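Printed here is start-v5.cif (mmCIF, C-alpha atoms):
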```
data_structure
loop_
_atom_site.label_atom_id
_atom_site.label_comp_id
_atom_site.auth_asym_id
_atom_site.auth_seq_id
_atom_site.Cartn_x
_atom_site.Cartn_y
_atom_site.Cartn_z
CA MET A 168 -31.59 78.24 107.94
CA SER A 169 -31.22 79.58 111.50
CA ARG A 170 -32.60 77.78 114.55
CA LEU A 171 -35.17 80.57 114.92
CA ASP A 172 -36.39 80.07 111.36
CA THR A 173 -36.58 76.31 111.93
CA ALA A 174 -38.63 76.82 115.11
CA LYS A 175 -40.99 79.23 113.36
CA LYS A 176 -41.48 76.75 110.52
CA ALA A 177 -42.28 73.95 112.99
CA LEU A 178 -44.78 76.09 114.89
CA ALA A 179 -46.52 76.94 111.64
CA GLN A 180 -47.40 73.29 111.02
CA PRO A 181 -51.13 72.52 111.76
CA GLY A 182 -50.25 69.41 113.77
CA MET A 183 -47.89 71.32 116.03
CA ARG A 184 -50.48 74.09 116.60
CA ALA A 185 -53.11 71.50 117.50
CA MET A 186 -50.75 69.81 119.97
CA ILE A 187 -49.94 73.12 121.67
CA ALA A 188 -53.67 73.94 121.94
CA PHE A 189 -54.35 70.52 123.49
CA VAL A 190 -51.57 70.95 126.07
CA VAL A 191 -52.89 74.41 127.02
CA VAL A 192 -56.44 73.04 127.50
CA MET A 193 -55.22 70.13 129.65
CA ILE A 194 -53.13 72.44 131.85
CA ALA A 195 -56.16 74.68 132.37
CA LEU A 196 -58.37 71.70 133.31
CA VAL A 197 -55.84 70.33 135.81
CA ALA A 198 -55.46 73.79 137.33
CA ALA A 199 -59.23 74.07 137.70
CA LEU A 200 -59.59 70.75 139.52
CA TRP A 201 -56.31 70.59 141.46
CA PRO A 202 -56.74 70.66 145.27
CA ARG A 203 -56.01 73.99 146.95
CA GLY A 204 -55.87 75.31 150.46
CA GLY A 205 -54.77 74.00 153.83
CA ASP A 206 -56.36 71.73 156.36
CA GLU A 207 -58.69 74.33 157.88
CA PRO A 208 -62.01 75.28 156.27
CA ALA A 209 -61.73 78.29 154.01
CA SER A 210 -63.01 81.61 155.29
CA ALA A 211 -65.71 82.31 152.74
CA PRO A 212 -69.33 83.45 152.64
CA ALA A 213 -71.91 80.81 153.51
CA PRO A 214 -73.57 79.20 150.45
CA SER A 215 -76.83 80.67 149.27
CA SER A 216 -80.00 78.68 149.85
CA SER A 217 -81.15 79.28 146.28
CA ALA A 218 -79.50 78.78 142.91
CA PRO A 219 -78.33 81.85 140.95
CA THR A 220 -80.55 83.02 138.13
CA SER A 221 -77.95 84.65 135.92
CA GLY A 222 -74.24 84.95 135.27
CA VAL A 223 -71.52 82.37 134.82
CA THR A 224 -70.55 79.55 137.16
CA ASP A 225 -67.48 77.33 137.42
CA ALA A 226 -65.31 76.56 134.38
CA GLY A 227 -67.29 78.98 132.26
CA ALA A 228 -70.45 76.86 132.47
CA SER A 229 -73.57 78.97 132.32
CA VAL A 230 -76.39 78.67 134.82
CA ASP A 231 -78.44 76.91 132.15
CA GLU A 232 -75.62 74.43 131.53
CA VAL A 233 -75.37 73.66 135.24
CA ALA A 234 -79.14 73.15 135.35
CA GLN A 235 -78.93 70.79 132.38
CA ALA A 236 -76.09 68.86 134.04
CA ARG A 237 -78.14 68.60 137.21
CA ALA A 238 -81.13 67.23 135.31
CA ALA A 239 -78.95 64.77 133.38
CA ALA A 240 -77.28 63.52 136.58
CA ALA A 241 -80.73 62.68 138.00
CA LEU A 242 -79.46 62.39 141.57
CA THR A 243 -81.59 61.04 144.38
CA ALA A 244 -82.89 63.75 146.69
CA CYS A 245 -80.96 64.31 149.89
CA PRO A 246 -82.44 62.84 153.10
CA SER A 247 -85.55 64.64 154.29
CA GLY A 248 -85.78 63.83 157.98
CA THR A 249 -87.13 66.46 160.38
CA GLY A 250 -84.82 66.02 163.37
CA PRO A 251 -84.38 67.09 166.07
CA ALA A 252 -80.70 67.35 165.20
CA THR A 253 -78.28 65.65 167.56
CA GLY A 254 -74.70 64.51 167.37
CA VAL A 255 -71.75 65.63 165.30
CA LEU A 256 -73.74 67.02 162.35
CA ALA A 257 -76.01 69.27 164.41
CA GLY A 258 -75.89 72.76 162.89
CA VAL A 259 -73.91 71.65 159.79
CA SER A 260 -75.37 72.66 156.42
CA ALA A 261 -74.31 71.85 152.86
CA PRO A 262 -75.52 72.29 149.26
CA CYS A 263 -77.44 69.27 147.94
CA MET A 264 -76.45 68.50 144.35
CA ALA A 265 -79.86 67.05 143.47
CA ASP A 266 -81.50 70.49 143.50
CA GLY A 267 -78.84 73.01 144.55
CA GLN A 268 -80.61 73.81 147.82
CA VAL A 269 -78.81 73.97 151.16
CA VAL A 270 -79.84 71.29 153.66
CA ASP A 271 -79.32 71.08 157.42
CA LEU A 272 -77.56 67.73 157.65
CA GLY A 273 -78.08 67.30 161.37
CA THR A 274 -81.83 67.63 160.94
CA VAL A 275 -82.38 65.62 157.75
CA THR A 276 -80.23 62.65 158.84
CA ALA A 277 -81.34 62.49 162.49
CA GLY A 278 -82.67 59.25 163.91
CA ARG A 279 -81.24 56.92 161.26
CA PRO A 280 -77.76 55.41 160.80
CA LEU A 281 -75.72 57.28 158.23
CA VAL A 282 -72.89 56.24 155.92
CA ILE A 283 -70.83 59.13 154.54
CA ASN A 284 -68.43 58.59 151.66
CA MET A 285 -65.86 61.41 151.37
CA TRP A 286 -64.74 61.67 147.74
CA ALA A 287 -63.61 64.05 144.99
CA VAL A 288 -63.63 64.22 141.21
CA TRP A 289 -59.82 64.30 141.15
CA CYS A 290 -59.56 61.10 143.24
CA LEU A 291 -58.98 58.09 140.95
CA PRO A 292 -59.85 55.40 143.57
CA CYS A 293 -63.12 57.27 144.20
CA ARG A 294 -64.14 56.57 140.62
CA ARG A 295 -63.88 52.83 141.30
CA GLU A 296 -65.49 52.94 144.73
CA LEU A 297 -68.40 55.39 144.35
CA PRO A 298 -70.60 52.94 142.38
CA LEU A 299 -70.54 50.64 145.44
CA PHE A 300 -72.04 53.41 147.56
CA ASP A 301 -74.55 54.13 144.81
CA ARG A 302 -75.64 50.48 145.06
CA LEU A 303 -75.74 50.67 148.85
CA ALA A 304 -77.98 53.74 148.72
CA ALA A 305 -80.34 52.02 146.30
CA GLN A 306 -80.67 48.94 148.52
CA ALA A 307 -80.68 50.57 151.95
CA GLY A 308 -84.32 51.62 151.92
CA ASP A 309 -85.39 53.15 155.24
CA ARG A 310 -82.73 51.23 157.20
CA LEU A 311 -79.89 53.58 156.41
CA ASN A 312 -79.02 56.99 155.00
CA VAL A 313 -76.17 57.05 152.49
CA LEU A 314 -74.54 60.36 151.53
CA ALA A 315 -71.64 61.09 149.22
CA VAL A 316 -69.77 64.22 150.33
CA HIS A 317 -67.47 65.95 147.86
CA ALA A 318 -64.29 67.27 149.46
CA LYS A 319 -63.67 70.98 150.01
CA GLU A 320 -61.16 71.10 147.15
CA GLY A 321 -63.29 71.32 144.01
CA ALA A 322 -66.60 71.57 145.88
CA ASP A 323 -67.27 74.98 144.32
CA LYS A 324 -67.17 73.45 140.83
CA GLU A 325 -70.61 71.89 140.82
CA TYR A 326 -70.71 71.56 137.02
CA PHE A 327 -67.68 69.24 137.13
CA VAL A 328 -69.18 67.34 140.06
CA LEU A 329 -72.47 66.79 138.25
CA LYS A 330 -70.84 65.77 134.97
CA PHE A 331 -68.58 63.33 136.84
CA LEU A 332 -71.58 61.70 138.52
CA GLN A 333 -73.43 61.54 135.21
CA GLU A 334 -70.43 59.81 133.61
CA LEU A 335 -70.35 57.24 136.43
CA ASN A 336 -74.12 56.74 136.22
CA ALA A 337 -74.23 57.23 140.00
CA HIS A 338 -77.48 58.61 141.42
CA LEU A 339 -77.04 58.48 145.19
CA PRO A 340 -77.63 61.59 147.35
CA VAL A 341 -74.66 63.97 147.09
CA VAL A 342 -73.67 67.13 148.93
CA THR A 343 -70.55 69.25 148.65
CA ASP A 344 -68.39 70.49 151.51
CA PRO A 345 -67.17 73.90 150.27
CA HIS A 346 -65.88 75.10 153.64
CA GLY A 347 -64.79 71.74 155.06
CA ASP A 348 -67.50 71.90 157.75
CA ILE A 349 -68.65 68.30 157.29
CA ALA A 350 -65.13 66.88 157.30
CA LYS A 351 -64.33 68.82 160.46
CA ALA A 352 -67.55 67.77 162.21
CA VAL A 353 -67.04 64.05 161.59
CA ALA A 354 -63.23 64.18 161.99
CA ALA A 355 -62.67 62.81 158.49
CA PRO A 356 -58.99 62.50 157.55
CA ARG A 357 -57.60 64.24 154.48
CA VAL A 358 -57.49 60.91 152.68
CA PHE A 359 -59.77 60.21 149.72
CA PRO A 360 -61.83 58.19 149.61
CA SER A 361 -62.72 57.81 153.28
CA THR A 362 -65.90 56.50 154.85
CA VAL A 363 -67.51 57.71 158.07
CA MET A 364 -70.26 55.70 159.77
CA ILE A 365 -72.58 57.52 162.13
CA ARG A 366 -75.04 55.91 164.52
CA ALA A 367 -78.72 56.86 164.69
CA ASP A 368 -77.98 59.01 167.75
CA GLY A 369 -75.55 61.13 165.74
CA THR A 370 -72.32 59.79 167.23
CA VAL A 371 -69.45 58.53 165.08
CA ALA A 372 -69.16 54.75 164.99
CA ALA A 373 -66.15 54.48 162.67
CA VAL A 374 -63.83 56.50 160.46
CA LEU A 375 -62.38 54.34 157.69
CA PRO A 376 -59.67 55.89 155.47
CA ARG A 377 -59.71 53.06 152.97
CA VAL A 378 -61.00 51.93 149.58
CA PHE A 379 -63.75 49.32 149.45
CA ASP A 380 -62.97 46.95 146.60
CA THR A 381 -66.19 44.93 146.65
CA TYR A 382 -69.80 45.48 147.63
CA GLN A 383 -69.50 42.63 150.12
CA ASP A 384 -66.62 44.44 151.86
CA LEU A 385 -68.78 47.55 152.15
CA THR A 386 -71.89 45.83 153.45
CA SER A 387 -69.80 43.85 155.93
CA ALA A 388 -68.37 47.11 157.32
CA VAL A 389 -71.88 48.57 157.60
CA ARG A 390 -73.02 45.48 159.47
CA GLU A 391 -70.00 45.55 161.77
CA HIS A 392 -70.06 49.23 162.71
CA LEU A 393 -73.76 50.12 162.46
CA GLY A 394 -75.49 46.79 162.98
CA VAL A 395 -77.46 47.24 159.74
CA ASP A 396 -77.75 44.26 157.38
CA VAL A 397 -78.31 45.61 153.89
CA GLY A 398 -77.86 42.23 152.21
CA GLU A 399 -75.98 41.19 149.12
CA ALA A 400 -78.78 41.22 146.53
CA SER A 401 -77.85 42.59 143.13
#
```

Could I get this structure in the form of structure tokens?
Amino acid sequence: MSRLDTAKKALAQPGMRAMIAFVVVMIALVAALWPRGGDEPASAPAPSSSAPTSGVTDAGASVDEVAQARAAAALTACPSGTGPATGVLAGVSAPCMADGQVVDLGTVTAGRPLVINMWAVWCLPCRRELPLFDRLAAQAGDRLNVLAVHAKEGADKEYFVLKFLQELNAHLPVVTDPHGDIAKAVAAPRVFPSTVMIRADGTVAAVLPRVFDTYQDLTSAVREHLGVDVGEAS
């Protein structure tokens, strides 16, 4: 039997066909989520202020599937302050994952200290750290705004973002940064995760390209840089 005949016989086996199909699917998934682009924000149309009503979205997910993922994620609404906007986020807008609407970040976060966690679905340390920020958001009350900001790379794939958050059981306010405008405004490094702490007057208090391993580490940093004592209660 020739090598060609042997190869054909191997490929005809059900197990081999299943393995090839699995490899193809995994390659497609990695390609969909892998970071792309340079350091500068992409030149693309501004996001719409309303969700689409028909068609297909990222990864072949339908509009209905995205809506179902959004409902299942049950994210906390983004901050709802009324400004006036001052500081580094003045004039910066982003899609809020809780409802798909675009929010003016400078306006809705004005007048209150803000903790921004820069993260991404393809960032393994983010998976470990994001629940700490979810806890911080739940305990902060009206002392502090907490906002998770998905990096530019992958920000257009809201279905993946929502399913990731649902899997983590994280419900904190989340926006995406599809053009890199937030990262540029707060001078966030291209290191994920990174945390940016912004004072109530809109100025940057600290940029921390690090992973927080414990909730105590996180609350200590908030206390140090923003003067806000969130406490250690479970």

Using only C-alpha atoms, which of the listed residues (A:Leu291, A:Met285, A:Ala277, A:Val342) sits closest to Thr362 (chain A)?
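Of A:Leu291, A:Met285, A:Ala277, A:Val342, the one nearest Thr362 (chain A) is A:Met285, counting only C-alpha atoms.
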
Need the shell around region 367-374 of chain A: protein/DNA/RNA residues with any atom at most 8 Å away, counting all atoms listed in the file. Skip same-chain ones fewer than 3 positions apart. Format as a PDB file with C-alpha atoms, in the frame of the given file?
```pdb
ATOM      1  CA  THR A 253     -78.280  65.650 167.560  1.00  0.00           C
ATOM      2  CA  GLY A 254     -74.700  64.510 167.370  1.00  0.00           C
ATOM      3  CA  VAL A 255     -71.750  65.630 165.300  1.00  0.00           C
ATOM      4  CA  LEU A 256     -73.740  67.020 162.350  1.00  0.00           C
ATOM      5  CA  GLY A 273     -78.080  67.300 161.370  1.00  0.00           C
ATOM      6  CA  ALA A 277     -81.340  62.490 162.490  1.00  0.00           C
ATOM      7  CA  GLY A 278     -82.670  59.250 163.910  1.00  0.00           C
ATOM      8  CA  ARG A 279     -81.240  56.920 161.260  1.00  0.00           C
ATOM      9  CA  PRO A 280     -77.760  55.410 160.800  1.00  0.00           C
ATOM     10  CA  LEU A 281     -75.720  57.280 158.230  1.00  0.00           C
ATOM     11  CA  VAL A 353     -67.040  64.050 161.590  1.00  0.00           C
ATOM     12  CA  ALA A 354     -63.230  64.180 161.990  1.00  0.00           C
ATOM     13  CA  ALA A 355     -62.670  62.810 158.490  1.00  0.00           C
ATOM     14  CA  SER A 361     -62.720  57.810 153.280  1.00  0.00           C
ATOM     15  CA  THR A 362     -65.900  56.500 154.850  1.00  0.00           C
ATOM     16  CA  VAL A 363     -67.510  57.710 158.070  1.00  0.00           C
ATOM     17  CA  MET A 364     -70.260  55.700 159.770  1.00  0.00           C
ATOM     18  CA  HIS A 392     -70.060  49.230 162.710  1.00  0.00           C
ATOM     19  CA  LEU A 393     -73.760  50.120 162.460  1.00  0.00           C
TER      20      LEU A 393
END
```

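Among the candidates A:Thr276, A:Thr381, A:Leu242, A:Asp231, the residue lying nearest to Val328 (chain A) is A:Leu242 (atoms considered: all atoms listed in the file).
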
Tell me, in Å to one decimal, how far CA of Ala305 (chain A) is from CA of Gln235 (chain A).
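CA of Ala305 (chain A) sits 23.4 Å away from CA of Gln235 (chain A).
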
Resolved residues for the PyMOL selection byres ((chain A and resi 343-350) around 7) as a ChimeraX atom specification
/A:208-209,259,261-263,316-319,322-323,341-342,351-355

Using all atoms listed in the file, can you tell me which of A:Ala257, A:Val282, A:Ala388, A:Met264 comes closest to Ala239 (chain A)?
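Of A:Ala257, A:Val282, A:Ala388, A:Met264, the one nearest Ala239 (chain A), counting all atoms listed in the file, is A:Met264.
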
Distance CA of Ala244 (chain A)-CA of Asp266 (chain A), one decimal place?
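CA of Asp266 (chain A) lies at a distance of 7.6 Å from CA of Ala244 (chain A).
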
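One distance worth recording is that between CA of Ala234 (chain A) and CA of Gly248 (chain A), which is 25.4 Å.
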
Given the choices A:Lys330, A:Arg357, A:Lys324, A:His338, which gets closest to Ala304 (chain A) if the distance is worked out from all atoms listed in the file?
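Among the listed residues, the smallest separation from Ala304 (chain A) belongs to A:His338.
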
Could you check the closest approach to Ala228 (chain A) for each of A:Arg302, A:Val395, A:Tyr326, A:Val288 and tell me which residue wins, using all atoms listed in the file?
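Checking each of A:Arg302, A:Val395, A:Tyr326, A:Val288 against Ala228 (chain A), counting all atoms listed in the file, the winner is A:Tyr326.
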
Suppose a student applies the PyMOL selection byres ((chain A and resi 246) around 9) to this structure; what residues should they get, written as a list of chain:residue names?
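Applied to this file, the PyMOL selection byres ((chain A and resi 246) around 9) selects A:Thr243, A:Ala244, A:Cys245, A:Ser247, A:Gly248, A:Val270, A:Leu272, A:Val275, A:Thr276, A:Asn312, A:Val313, A:Leu314, A:Pro340.
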
Between A:Glu334, A:Asp309, A:Asp380, A:Asp396, which has the minimum distance to Ala241 (chain A) (counting only C-alpha atoms)?
A:Glu334

Please complete region 355-380 of chain A with N, CA, C and O atoms and give it back as an mmCIF file, in the frame of the given file.
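The result, stored in result_14.cif:
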```cif
data_model
loop_
_atom_site.group_PDB
_atom_site.id
_atom_site.type_symbol
_atom_site.label_atom_id
_atom_site.label_comp_id
_atom_site.auth_asym_id
_atom_site.auth_seq_id
_atom_site.Cartn_x
_atom_site.Cartn_y
_atom_site.Cartn_z
ATOM 1 N N ALA A 355 -63.127 63.597 159.639
ATOM 2 C CA ALA A 355 -62.670 62.810 158.490
ATOM 3 C C ALA A 355 -61.222 63.183 158.172
ATOM 4 O O ALA A 355 -60.863 64.357 158.164
ATOM 5 N N PRO A 356 -60.383 62.211 157.904
ATOM 6 C CA PRO A 356 -58.990 62.500 157.550
ATOM 7 C C PRO A 356 -58.915 63.079 156.144
ATOM 8 O O PRO A 356 -59.848 62.926 155.346
ATOM 9 N N ARG A 357 -57.794 63.715 155.836
ATOM 10 C CA ARG A 357 -57.600 64.240 154.480
ATOM 11 C C ARG A 357 -57.043 63.135 153.589
ATOM 12 O O ARG A 357 -55.961 63.240 152.998
ATOM 13 N N VAL A 358 -57.805 62.069 153.503
ATOM 14 C CA VAL A 358 -57.490 60.910 152.680
ATOM 15 C C VAL A 358 -58.753 60.593 151.879
ATOM 16 O O VAL A 358 -59.836 60.492 152.455
ATOM 17 N N PHE A 359 -58.605 60.450 150.567
ATOM 18 C CA PHE A 359 -59.770 60.210 149.720
ATOM 19 C C PHE A 359 -59.560 58.960 148.877
ATOM 20 O O PHE A 359 -58.502 58.800 148.286
ATOM 21 N N PRO A 360 -60.573 58.069 148.872
ATOM 22 C CA PRO A 360 -61.830 58.190 149.610
ATOM 23 C C PRO A 360 -61.664 57.782 151.072
ATOM 24 O O PRO A 360 -60.736 57.055 151.424
ATOM 25 N N SER A 361 -62.578 58.247 151.895
ATOM 26 C CA SER A 361 -62.720 57.810 153.280
ATOM 27 C C SER A 361 -64.201 57.640 153.565
ATOM 28 O O SER A 361 -65.036 58.297 152.945
ATOM 29 N N THR A 362 -64.506 56.757 154.496
ATOM 30 C CA THR A 362 -65.900 56.500 154.850
ATOM 31 C C THR A 362 -66.097 56.735 156.339
ATOM 32 O O THR A 362 -65.270 56.310 157.156
ATOM 33 N N VAL A 363 -67.167 57.438 156.677
ATOM 34 C CA VAL A 363 -67.510 57.710 158.070
ATOM 35 C C VAL A 363 -68.882 57.112 158.333
ATOM 36 O O VAL A 363 -69.823 57.353 157.571
ATOM 37 N N MET A 364 -68.985 56.322 159.405
ATOM 38 C CA MET A 364 -70.260 55.700 159.770
ATOM 39 C C MET A 364 -70.761 56.313 161.069
ATOM 40 O O MET A 364 -70.030 56.360 162.058
ATOM 41 N N ILE A 365 -71.995 56.794 161.021
ATOM 42 C CA ILE A 365 -72.580 57.520 162.130
ATOM 43 C C ILE A 365 -73.830 56.794 162.629
ATOM 44 O O ILE A 365 -74.696 56.420 161.834
ATOM 45 N N ARG A 366 -73.907 56.607 163.924
ATOM 46 C CA ARG A 366 -75.040 55.910 164.520
ATOM 47 C C ARG A 366 -76.307 56.775 164.450
ATOM 48 O O ARG A 366 -76.245 57.980 164.193
ATOM 49 N N ALA A 367 -77.443 56.145 164.742
ATOM 50 C CA ALA A 367 -78.720 56.860 164.690
ATOM 51 C C ALA A 367 -78.783 57.999 165.689
ATOM 52 O O ALA A 367 -79.526 58.969 165.493
ATOM 53 N N ASP A 368 -77.981 57.934 166.768
ATOM 54 C CA ASP A 368 -77.980 59.010 167.750
ATOM 55 C C ASP A 368 -77.029 60.145 167.381
ATOM 56 O O ASP A 368 -76.851 61.094 168.142
ATOM 57 N N GLY A 369 -76.414 60.057 166.212
ATOM 58 C CA GLY A 369 -75.550 61.130 165.740
ATOM 59 C C GLY A 369 -74.100 61.024 166.151
ATOM 60 O O GLY A 369 -73.307 61.909 165.827
ATOM 61 N N THR A 370 -73.714 59.963 166.835
ATOM 62 C CA THR A 370 -72.320 59.790 167.230
ATOM 63 C C THR A 370 -71.578 58.980 166.171
ATOM 64 O O THR A 370 -72.165 58.163 165.454
ATOM 65 N N VAL A 371 -70.264 59.202 166.087
ATOM 66 C CA VAL A 371 -69.450 58.530 165.080
ATOM 67 C C VAL A 371 -69.118 57.112 165.533
ATOM 68 O O VAL A 371 -68.558 56.907 166.609
ATOM 69 N N ALA A 372 -69.466 56.143 164.686
ATOM 70 C CA ALA A 372 -69.160 54.750 164.990
ATOM 71 C C ALA A 372 -67.818 54.325 164.437
ATOM 72 O O ALA A 372 -67.113 53.505 165.044
ATOM 73 N N ALA A 373 -67.423 54.869 163.285
ATOM 74 C CA ALA A 373 -66.150 54.480 162.670
ATOM 75 C C ALA A 373 -65.729 55.490 161.627
ATOM 76 O O ALA A 373 -66.573 56.065 160.936
ATOM 77 N N VAL A 374 -64.424 55.700 161.524
ATOM 78 C CA VAL A 374 -63.830 56.500 160.460
ATOM 79 C C VAL A 374 -62.858 55.580 159.731
ATOM 80 O O VAL A 374 -61.903 55.075 160.323
ATOM 81 N N LEU A 375 -63.111 55.361 158.449
ATOM 82 C CA LEU A 375 -62.380 54.340 157.690
ATOM 83 C C LEU A 375 -61.688 54.961 156.483
ATOM 84 O O LEU A 375 -62.299 55.115 155.423
ATOM 85 N N PRO A 376 -60.415 55.335 156.612
ATOM 86 C CA PRO A 376 -59.670 55.890 155.470
ATOM 87 C C PRO A 376 -59.156 54.774 154.571
ATOM 88 O O PRO A 376 -57.974 54.419 154.577
ATOM 89 N N ARG A 377 -60.050 54.220 153.792
ATOM 90 C CA ARG A 377 -59.710 53.060 152.970
ATOM 91 C C ARG A 377 -60.586 53.031 151.723
ATOM 92 O O ARG A 377 -61.584 53.747 151.617
ATOM 93 N N VAL A 378 -60.204 52.157 150.788
ATOM 94 C CA VAL A 378 -61.000 51.930 149.580
ATOM 95 C C VAL A 378 -61.706 50.588 149.732
ATOM 96 O O VAL A 378 -61.078 49.581 150.063
ATOM 97 N N PHE A 379 -63.000 50.564 149.483
ATOM 98 C CA PHE A 379 -63.750 49.320 149.450
ATOM 99 C C PHE A 379 -63.683 48.758 148.028
ATOM 100 O O PHE A 379 -64.093 49.418 147.082
ATOM 101 N N ASP A 380 -63.150 47.542 147.921
ATOM 102 C CA ASP A 380 -62.970 46.950 146.600
ATOM 103 C C ASP A 380 -64.190 46.192 146.111
ATOM 104 O O ASP A 380 -64.380 46.028 144.905
#
```
